[in-house]
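Okay, my_file.pdb is below, PDB, C-alpha atoms, pLDDT in the B column:
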```pdb
ATOM      1  CA  MET A  20      -2.478  13.246 -21.289  1.00 80.00           C
ATOM      2  CA  SER A  21      -3.417  16.766 -22.266  1.00 83.00           C
ATOM      3  CA  GLU A  22      -1.721  18.045 -19.095  1.00 81.00           C
ATOM      4  CA  ILE A  23       1.405  16.050 -19.916  1.00 80.00           C
ATOM      5  CA  GLU A  24       1.328  17.387 -23.477  1.00 82.00           C
ATOM      6  CA  GLU A  25       1.175  20.970 -22.166  1.00 83.00           C
ATOM      7  CA  ILE A  26       4.340  20.364 -20.158  1.00 80.00           C
ATOM      8  CA  ASP A  27       6.323  18.535 -22.859  1.00 82.00           C
ATOM      9  CA  THR A  28       4.921  17.003 -26.058  1.00 83.00           C
ATOM     10  CA  ARG A  29       7.844  14.586 -26.269  1.00 85.00           C
ATOM     11  CA  VAL A  30       6.749  12.846 -23.064  1.00 83.00           C
ATOM     12  CA  LYS A  31       3.296  12.064 -24.463  1.00 84.00           C
ATOM     13  CA  ALA A  32       4.800  10.675 -27.648  1.00 85.00           C
ATOM     14  CA  TYR A  33       7.295   8.625 -25.663  1.00 84.00           C
ATOM     15  CA  LEU A  34       4.583   7.131 -23.439  1.00 83.00           C
ATOM     16  CA  TYR A  35       2.511   6.151 -26.472  1.00 85.00           C
ATOM     17  CA  ASP A  36       5.557   4.629 -28.164  1.00 86.00           C
ATOM     18  CA  ILE A  37       6.573   2.387 -25.280  1.00 84.00           C
ATOM     19  CA  GLY A  38       3.004   1.141 -24.772  1.00 82.00           C
ATOM     20  CA  TYR A  39       0.463   1.451 -21.977  1.00 77.00           C
ATOM     21  CA  HIS A  40       1.587  -1.785 -20.351  1.00 72.00           C
ATOM     22  CA  ARG A  41       4.926  -0.177 -19.432  1.00 73.00           C
ATOM     23  CA  TRP A  42       3.534   2.718 -17.390  1.00 73.00           C
ATOM     24  CA  SER A  43      -0.114   2.035 -16.551  1.00 72.00           C
ATOM     25  CA  ARG A  44      -1.092  -0.445 -13.843  1.00 65.00           C
ATOM     26  CA  VAL A  45      -4.401  -1.027 -15.618  1.00 64.00           C
ATOM     27  CA  TYR A  46      -2.619  -2.398 -18.703  1.00 67.00           C
ATOM     28  CA  ALA A  47       0.365  -3.956 -16.915  1.00 65.00           C
ATOM     29  CA  ILE A  48       1.246  -7.453 -18.067  1.00 63.00           C
ATOM     30  CA  VAL A  49       2.720  -8.352 -14.663  1.00 59.00           C
ATOM     31  CA  ASN A  50       1.856  -7.210 -11.171  1.00 55.00           C
ATOM     32  CA  ARG A  51       4.848  -4.905 -10.829  1.00 51.00           C
ATOM     33  CA  THR A  52       4.165  -3.414  -7.437  1.00 50.00           C
ATOM     34  CA  TRP A  53       2.452  -6.343  -5.731  1.00 47.00           C
ATOM     35  CA  PRO A  54       1.371  -5.511  -2.146  1.00 46.00           C
ATOM     36  CA  MET A  55       2.995  -2.093  -2.133  1.00 45.00           C
ATOM     37  CA  THR A  56       0.102  -0.440  -3.947  1.00 48.00           C
ATOM     38  CA  SER A  57      -2.875  -1.955  -2.213  1.00 55.00           C
ATOM     39  CA  ASN A  58      -5.434   0.792  -2.285  1.00 63.00           C
ATOM     40  CA  ILE A  59      -5.323   2.017   1.321  1.00 68.00           C
ATOM     41  CA  ALA A  60      -8.202   4.427   0.755  1.00 68.00           C
ATOM     42  CA  GLU A  61     -10.486   1.609  -0.413  1.00 73.00           C
ATOM     43  CA  SER A  62      -9.343  -0.597   2.466  1.00 76.00           C
ATOM     44  CA  LEU A  63     -10.068   2.109   5.027  1.00 77.00           C
ATOM     45  CA  ASN A  64     -13.407   2.897   3.400  1.00 79.00           C
ATOM     46  CA  GLU A  65     -14.442  -0.726   3.714  1.00 82.00           C
ATOM     47  CA  VAL A  66     -13.542  -1.164   7.389  1.00 84.00           C
ATOM     48  CA  THR A  67     -14.868   2.252   8.441  1.00 86.00           C
ATOM     49  CA  LYS A  68     -18.178   2.051   6.604  1.00 86.00           C
ATOM     50  CA  ASP A  69     -20.271   1.964   9.786  1.00 86.00           C
ATOM     51  CA  ALA A  70     -18.004   4.309  11.762  1.00 88.00           C
ATOM     52  CA  ARG A  71     -18.586   7.164   9.299  1.00 84.00           C
ATOM     53  CA  GLU A  72     -21.895   7.871  11.000  1.00 87.00           C
ATOM     54  CA  LEU A  73     -20.185   8.578  14.342  1.00 86.00           C
ATOM     55  CA  PRO A  74     -19.520  12.096  15.652  1.00 85.00           C
ATOM     56  CA  VAL A  75     -16.089  13.454  14.701  1.00 83.00           C
ATOM     57  CA  VAL A  76     -14.316  12.754  18.005  1.00 84.00           C
ATOM     58  CA  GLU A  77     -15.613   9.173  18.163  1.00 87.00           C
ATOM     59  CA  LEU A  78     -14.732   8.658  14.489  1.00 86.00           C
ATOM     60  CA  LEU A  79     -11.180   9.847  15.114  1.00 85.00           C
ATOM     61  CA  GLU A  80     -10.894   7.619  18.165  1.00 88.00           C
ATOM     62  CA  TYR A  81     -12.217   4.667  16.156  1.00 90.00           C
ATOM     63  CA  MET A  82      -9.642   5.349  13.410  1.00 87.00           C
ATOM     64  CA  ARG A  83      -6.823   5.734  15.937  1.00 89.00           C
ATOM     65  CA  THR A  84      -7.779   2.474  17.668  1.00 91.00           C
ATOM     66  CA  LEU A  85      -8.027   0.688  14.325  1.00 90.00           C
ATOM     67  CA  LEU A  86      -4.608   1.900  13.186  1.00 88.00           C
ATOM     68  CA  GLU A  87      -3.111   1.096  16.584  1.00 92.00           C
ATOM     69  CA  SER A  88      -4.410  -2.477  16.458  1.00 92.00           C
ATOM     70  CA  TRP A  89      -3.167  -2.932  12.870  1.00 89.00           C
ATOM     71  CA  THR A  90       0.251  -1.556  13.801  1.00 91.00           C
ATOM     72  CA  ASN A  91       0.510  -3.779  16.872  1.00 93.00           C
ATOM     73  CA  GLU A  92      -0.587  -6.829  14.899  1.00 91.00           C
ATOM     74  CA  LYS A  93       1.942  -6.206  12.132  1.00 88.00           C
ATOM     75  CA  LEU A  94       4.719  -5.410  14.624  1.00 91.00           C
ATOM     76  CA  SER A  95       4.008  -8.593  16.600  1.00 90.00           C
ATOM     77  CA  LYS A  96       4.105 -10.584  13.390  1.00 86.00           C
ATOM     78  CA  ALA A  97       7.401  -8.967  12.396  1.00 84.00           C
ATOM     79  CA  LYS A  98       8.893  -9.595  15.854  1.00 88.00           C
ATOM     80  CA  GLY A  99       7.808 -13.224  15.623  1.00 84.00           C
ATOM     81  CA  THR A 100       9.723 -13.667  12.376  1.00 79.00           C
ATOM     82  CA  PHE A 101      13.118 -15.200  12.961  1.00 80.00           C
ATOM     83  CA  THR A 102      14.175 -15.767   9.386  1.00 78.00           C
ATOM     84  CA  TYR A 103      15.902 -13.215   7.164  1.00 79.00           C
ATOM     85  CA  HIS A 104      12.732 -12.795   5.132  1.00 78.00           C
ATOM     86  CA  GLU A 105       9.180 -12.608   6.318  1.00 78.00           C
ATOM     87  CA  LYS A 106       7.554 -16.064   6.303  1.00 78.00           C
ATOM     88  CA  LYS A 107       5.208 -15.287   3.408  1.00 79.00           C
ATOM     89  CA  TYR A 108       8.045 -14.058   1.186  1.00 83.00           C
ATOM     90  CA  ASN A 109      10.437 -16.767   2.341  1.00 84.00           C
ATOM     91  CA  LYS A 110       7.887 -19.335   1.129  1.00 86.00           C
ATOM     92  CA  GLU A 111       7.561 -17.447  -2.166  1.00 86.00           C
ATOM     93  CA  LEU A 112      11.333 -17.523  -2.611  1.00 86.00           C
ATOM     94  CA  GLU A 113      11.495 -21.208  -1.766  1.00 87.00           C
ATOM     95  CA  ASP A 114       8.652 -21.978  -4.190  1.00 87.00           C
ATOM     96  CA  ASN A 115      10.469 -20.015  -6.898  1.00 83.00           C
ATOM     97  CA  ARG A 116      13.691 -21.803  -6.047  1.00 84.00           C
ATOM     98  CA  THR A 117      11.894 -25.143  -6.445  1.00 85.00           C
ATOM     99  CA  LEU A 118      10.394 -24.006  -9.753  1.00 79.00           C
ATOM    100  CA  SER A 119      13.849 -22.856 -10.864  1.00 74.00           C
ATOM    101  CA  GLN A 120      15.119 -26.405 -10.432  1.00 74.00           C
ATOM    102  CA  LYS A 121      12.716 -27.399 -13.261  1.00 65.00           C
ATOM    103  CA  MET A 122      13.174 -24.380 -15.105  1.00 53.00           C
ATOM    104  CA  ARG A 123       7.534 -15.032 -13.064  1.00 48.00           C
ATOM    105  CA  LEU A 124       8.753 -10.876 -12.772  1.00 68.00           C
ATOM    106  CA  ASP A 125       7.933  -8.736  -9.802  1.00 57.00           C
ATOM    107  CA  GLU A 126      10.102  -7.634  -6.892  1.00 70.00           C
ATOM    108  CA  ILE A 127      10.917 -11.185  -5.820  1.00 78.00           C
ATOM    109  CA  PRO A 128      13.211 -13.074  -8.208  1.00 80.00           C
ATOM    110  CA  CYS A 129      11.297 -15.392 -10.503  1.00 81.00           C
ATOM    111  CA  GLU A 130      12.329 -18.993 -11.066  1.00 81.00           C
ATOM    112  CA  HIS A 131      14.237 -18.011 -14.208  1.00 83.00           C
ATOM    113  CA  ALA A 132      16.277 -15.419 -12.325  1.00 83.00           C
ATOM    114  CA  LEU A 133      16.935 -17.895  -9.530  1.00 86.00           C
ATOM    115  CA  ALA A 134      18.071 -20.470 -12.077  1.00 87.00           C
ATOM    116  CA  ALA A 135      20.495 -17.951 -13.583  1.00 87.00           C
ATOM    117  CA  LEU A 136      21.781 -16.979 -10.137  1.00 88.00           C
ATOM    118  CA  ARG A 137      22.265 -20.620  -9.156  1.00 89.00           C
ATOM    119  CA  HIS A 138      24.173 -21.197 -12.395  1.00 91.00           C
ATOM    120  CA  ARG A 139      26.472 -18.265 -11.502  1.00 91.00           C
ATOM    121  CA  ASN A 140      26.725 -19.402  -7.851  1.00 92.00           C
ATOM    122  CA  GLU A 141      25.296 -16.070  -6.680  1.00 89.00           C
ATOM    123  CA  SER A 142      23.024 -15.503  -3.697  1.00 86.00           C
ATOM    124  CA  TYR A 143      19.459 -14.404  -4.444  1.00 83.00           C
ATOM    125  CA  GLU A 144      19.429 -12.042  -1.417  1.00 82.00           C
ATOM    126  CA  ASN A 145      21.083  -9.355  -3.565  1.00 80.00           C
ATOM    127  CA  TYR A 146      18.293  -9.485  -6.165  1.00 80.00           C
ATOM    128  CA  TYR A 147      15.026  -8.939  -4.360  1.00 80.00           C
ATOM    129  CA  SER A 148      13.283  -5.838  -3.065  1.00 79.00           C
ATOM    130  CA  PRO A 149      14.423  -4.802   0.433  1.00 81.00           C
ATOM    131  CA  TYR A 150      10.775  -4.052   1.257  1.00 81.00           C
ATOM    132  CA  TYR A 151      10.194  -7.739   1.971  1.00 82.00           C
ATOM    133  CA  THR A 152      12.845  -8.103   4.652  1.00 86.00           C
ATOM    134  CA  ARG A 153      12.131  -8.468   8.350  1.00 90.00           C
ATOM    135  CA  GLU A 154      14.153  -5.316   9.041  1.00 91.00           C
ATOM    136  CA  SER A 155      12.043  -3.246   6.653  1.00 88.00           C
ATOM    137  CA  ARG A 156       8.837  -4.529   8.196  1.00 88.00           C
ATOM    138  CA  LEU A 157      10.082  -3.729  11.703  1.00 92.00           C
ATOM    139  CA  HIS A 158      10.937  -0.176  10.580  1.00 90.00           C
ATOM    140  CA  THR A 159       7.489   0.219   9.050  1.00 88.00           C
ATOM    141  CA  TYR A 160       5.676  -0.521  12.286  1.00 88.00           C
ATOM    142  CA  GLU A 161       8.125   0.783  14.887  1.00 90.00           C
ATOM    143  CA  ILE A 162       6.348   4.122  15.348  1.00 87.00           C
ATOM    144  CA  PRO A 163       3.620   3.589  17.945  1.00 85.00           C
ATOM    145  CA  VAL A 164       0.081   4.880  17.604  1.00 82.00           C
ATOM    146  CA  ASP A 165      -0.379   6.518  20.989  1.00 82.00           C
ATOM    147  CA  PRO A 166      -3.806   6.593  22.616  1.00 85.00           C
ATOM    148  CA  LEU A 167      -5.481   9.934  23.188  1.00 84.00           C
ATOM    149  CA  PRO A 168      -5.833  11.018  26.801  1.00 86.00           C
ATOM    150  CA  ASP A 169      -9.304  11.401  28.260  1.00 87.00           C
ATOM    151  CA  GLU A 170     -11.154  14.344  26.700  1.00 84.00           C
ATOM    152  CA  SER A 171     -11.267  16.084  30.093  1.00 86.00           C
ATOM    153  CA  LYS A 172      -7.439  16.277  30.052  1.00 87.00           C
ATOM    154  CA  TRP A 173      -7.161  17.913  26.640  1.00 86.00           C
ATOM    155  CA  ASN A 174      -5.479  21.320  26.551  1.00 88.00           C
ATOM    156  CA  VAL A 175      -7.762  23.158  24.115  1.00 87.00           C
ATOM    157  CA  PRO A 176      -7.326  26.931  23.655  1.00 90.00           C
ATOM    158  CA  GLN A 177     -10.381  28.916  24.786  1.00 91.00           C
ATOM    159  CA  HIS A 178     -11.083  30.402  21.337  1.00 90.00           C
ATOM    160  CA  ILE A 179     -11.224  26.876  19.884  1.00 88.00           C
ATOM    161  CA  ALA A 180     -13.365  25.462  22.707  1.00 87.00           C
ATOM    162  CA  GLU A 181     -15.919  28.242  22.212  1.00 90.00           C
ATOM    163  CA  GLU A 182     -16.157  27.727  18.460  1.00 90.00           C
ATOM    164  CA  VAL A 183     -19.392  26.130  17.317  1.00 89.00           C
ATOM    165  CA  VAL A 184     -19.126  23.716  14.405  1.00 86.00           C
ATOM    166  CA  LYS A 185     -22.376  23.356  12.495  1.00 86.00           C
ATOM    167  CA  PRO A 186     -23.295  20.647  10.017  1.00 83.00           C
ATOM    168  CA  PRO A 187     -22.867  21.446   6.335  1.00 80.00           C
ATOM    169  CA  THR A 188     -25.569  23.488   4.645  1.00 83.00           C
ATOM    170  CA  GLY A 189     -27.484  22.146   1.694  1.00 80.00           C
ATOM    171  CA  LYS A 190     -29.544  19.049   1.255  1.00 80.00           C
ATOM    172  CA  ARG A 191     -28.065  15.692   0.422  1.00 78.00           C
ATOM    173  CA  GLN A 192     -29.577  13.924  -2.566  1.00 79.00           C
ATOM    174  CA  PRO A 193     -31.604  10.803  -1.720  1.00 83.00           C
ATOM    175  CA  GLY A 194     -30.130   7.405  -2.473  1.00 81.00           C
ATOM    176  CA  ARG A 195     -26.635   6.058  -2.423  1.00 80.00           C
ATOM    177  CA  PRO A 196     -23.927   8.444  -3.665  1.00 75.00           C
ATOM    178  CA  GLN A 197     -22.427   7.564  -7.034  1.00 75.00           C
ATOM    179  CA  LYS A 198     -18.930   6.131  -6.890  1.00 73.00           C
ATOM    180  CA  GLN A 199     -16.325   7.707  -9.099  1.00 69.00           C
ATOM    181  CA  ARG A 200     -14.438   5.040 -10.953  1.00 67.00           C
ATOM    182  CA  TYR A 201     -11.018   5.313 -12.492  1.00 62.00           C
ATOM    183  CA  LYS A 202     -11.168   5.578 -16.268  1.00 62.00           C
ATOM    184  CA  PRO A 203      -8.053   4.710 -18.289  1.00 60.00           C
ATOM    185  CA  TYR A 204      -6.890   7.193 -20.879  1.00 58.00           C
ATOM    186  CA  ASP A 205      -8.277   6.706 -24.361  1.00 50.00           C
TER     187      ASP A 205
END
```

Take the structure I supplied and represent it as structure tokens, if you would.
Amino acid sequence: MSEIEEIDTRVKAYLYDIGYHRWSRVYAIVNRTWPMTSNIAESLNEVTKDARELPVVELLEYMRTLLESWTNEKLSKAKGTFTYHEKKYNKELEDNRTLSQKMRLDEIPCEHALAALRHRNESYENYYSPYYTRESRLHTYEIPVDPLPDESKWNVPQHIAEEVVKPPTGKRQPGRPQKQRYKPYD
């Protein structure tokens, strides 16, 4: 907040006035961004925990293979979707539509919005995030993760090949490293 205040004091005042729940995920009343903000760094840290001990080339190959398999899996799933929406989100929309018959707000219309749209004879397709469409998912995973050729076929400049990379200097403290946790503003 002090950095924001240095730029423009009005912004800090404005943010305090509208309330933390409007601009901070920690205090958000609803899950505004849903799967779009899954913490990719934490996800990668979890699945690469053991691989971090590998030499650099093997670590990079492990990461490339992991990303390639994830991309292929997601692309196959997207190609196997033959409805306008992805199956998971189609079910969510149908559940909300059912709830709207009896009478929630993120990027998929809640039952109240669907009830209002039904009352106005409007289609719900115009009122949800395009990120959940089959087309968007196909675009996300259309770029292939190409395998690296065999190391013997690499074209490495001589000055790079001759360079010796040594481990970092200094001694690592014993025990597990402390995790840095996010602290909300006071």

For this file, the PyMOL selection byres ((chain A and resi 150-158) around 6) selects which residues, as a ChimeraX atom specification? /A:97,104-105,148-149,159-161

Could you list, as a PyMOL selection string, every residue within 12 Å of region 183-195 of chain A, counting all atoms listed in the file and ignoring same-chain residues fewer than 4 positions away? chain A and resi 74-75+178-179

Using 3 Å of padding on each side, determine the axis-aligned box around all atoms of region 61-69 of chain A present in the file and give its centre and edge lengths in Å to one decimal, as JSON.
```
{"center_x": -14.8, "center_y": 0.9, "center_z": 4.7, "size_x": 16.9, "size_y": 10.1, "size_z": 16.2}
```

Please, what distance in Å, to one decimal, runs between CA of Glu80 (chain A) and CA of Pro196 (chain A)?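 Answer for the CA of Glu80 (chain A) to CA of Pro196 (chain A) separation: 25.4 Å.
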
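Here the question is which of A:Asp69, A:Asp27, A:Val76, A:Ile37 gets nearest to Glu170 (chain A) using only C-alpha atoms, and that residue is A:Val76.
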
What lies within 12 Å of Tyr35 (chain A) using all atoms listed in the file, ignoring chain neighbours under 6 positions off, as a PyMOL selection string? chain A and resi 20+23-24+28-29+41-43+204-205

Just to confirm, what's the straight-line distance from CA of Leu63 (chain A) to CA of Gln197 (chain A) in Å (one decimal)?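 According to the coordinates, CA of Leu63 (chain A) and CA of Gln197 (chain A) are separated by 18.1 Å.
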
Computed interatomic separation between CA of Asp165 (chain A) and CA of Arg83 (chain A) (Å):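 Pair CA of Asp165 (chain A) / CA of Arg83 (chain A) returns 8.2 Å.
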
Neighbour residues at most 12 Å from (-6.5, 6.6, 15.1) (all atoms listed in the file) as a ChimeraX atom specification: /A:63,67,75-90,163-167

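With only C-alpha atoms as the atoms that count, the residue of A:Asn109, A:Asn91, A:Ser142, A:Leu34 with the shortest distance to Ile127 (chain A) is A:Asn109.
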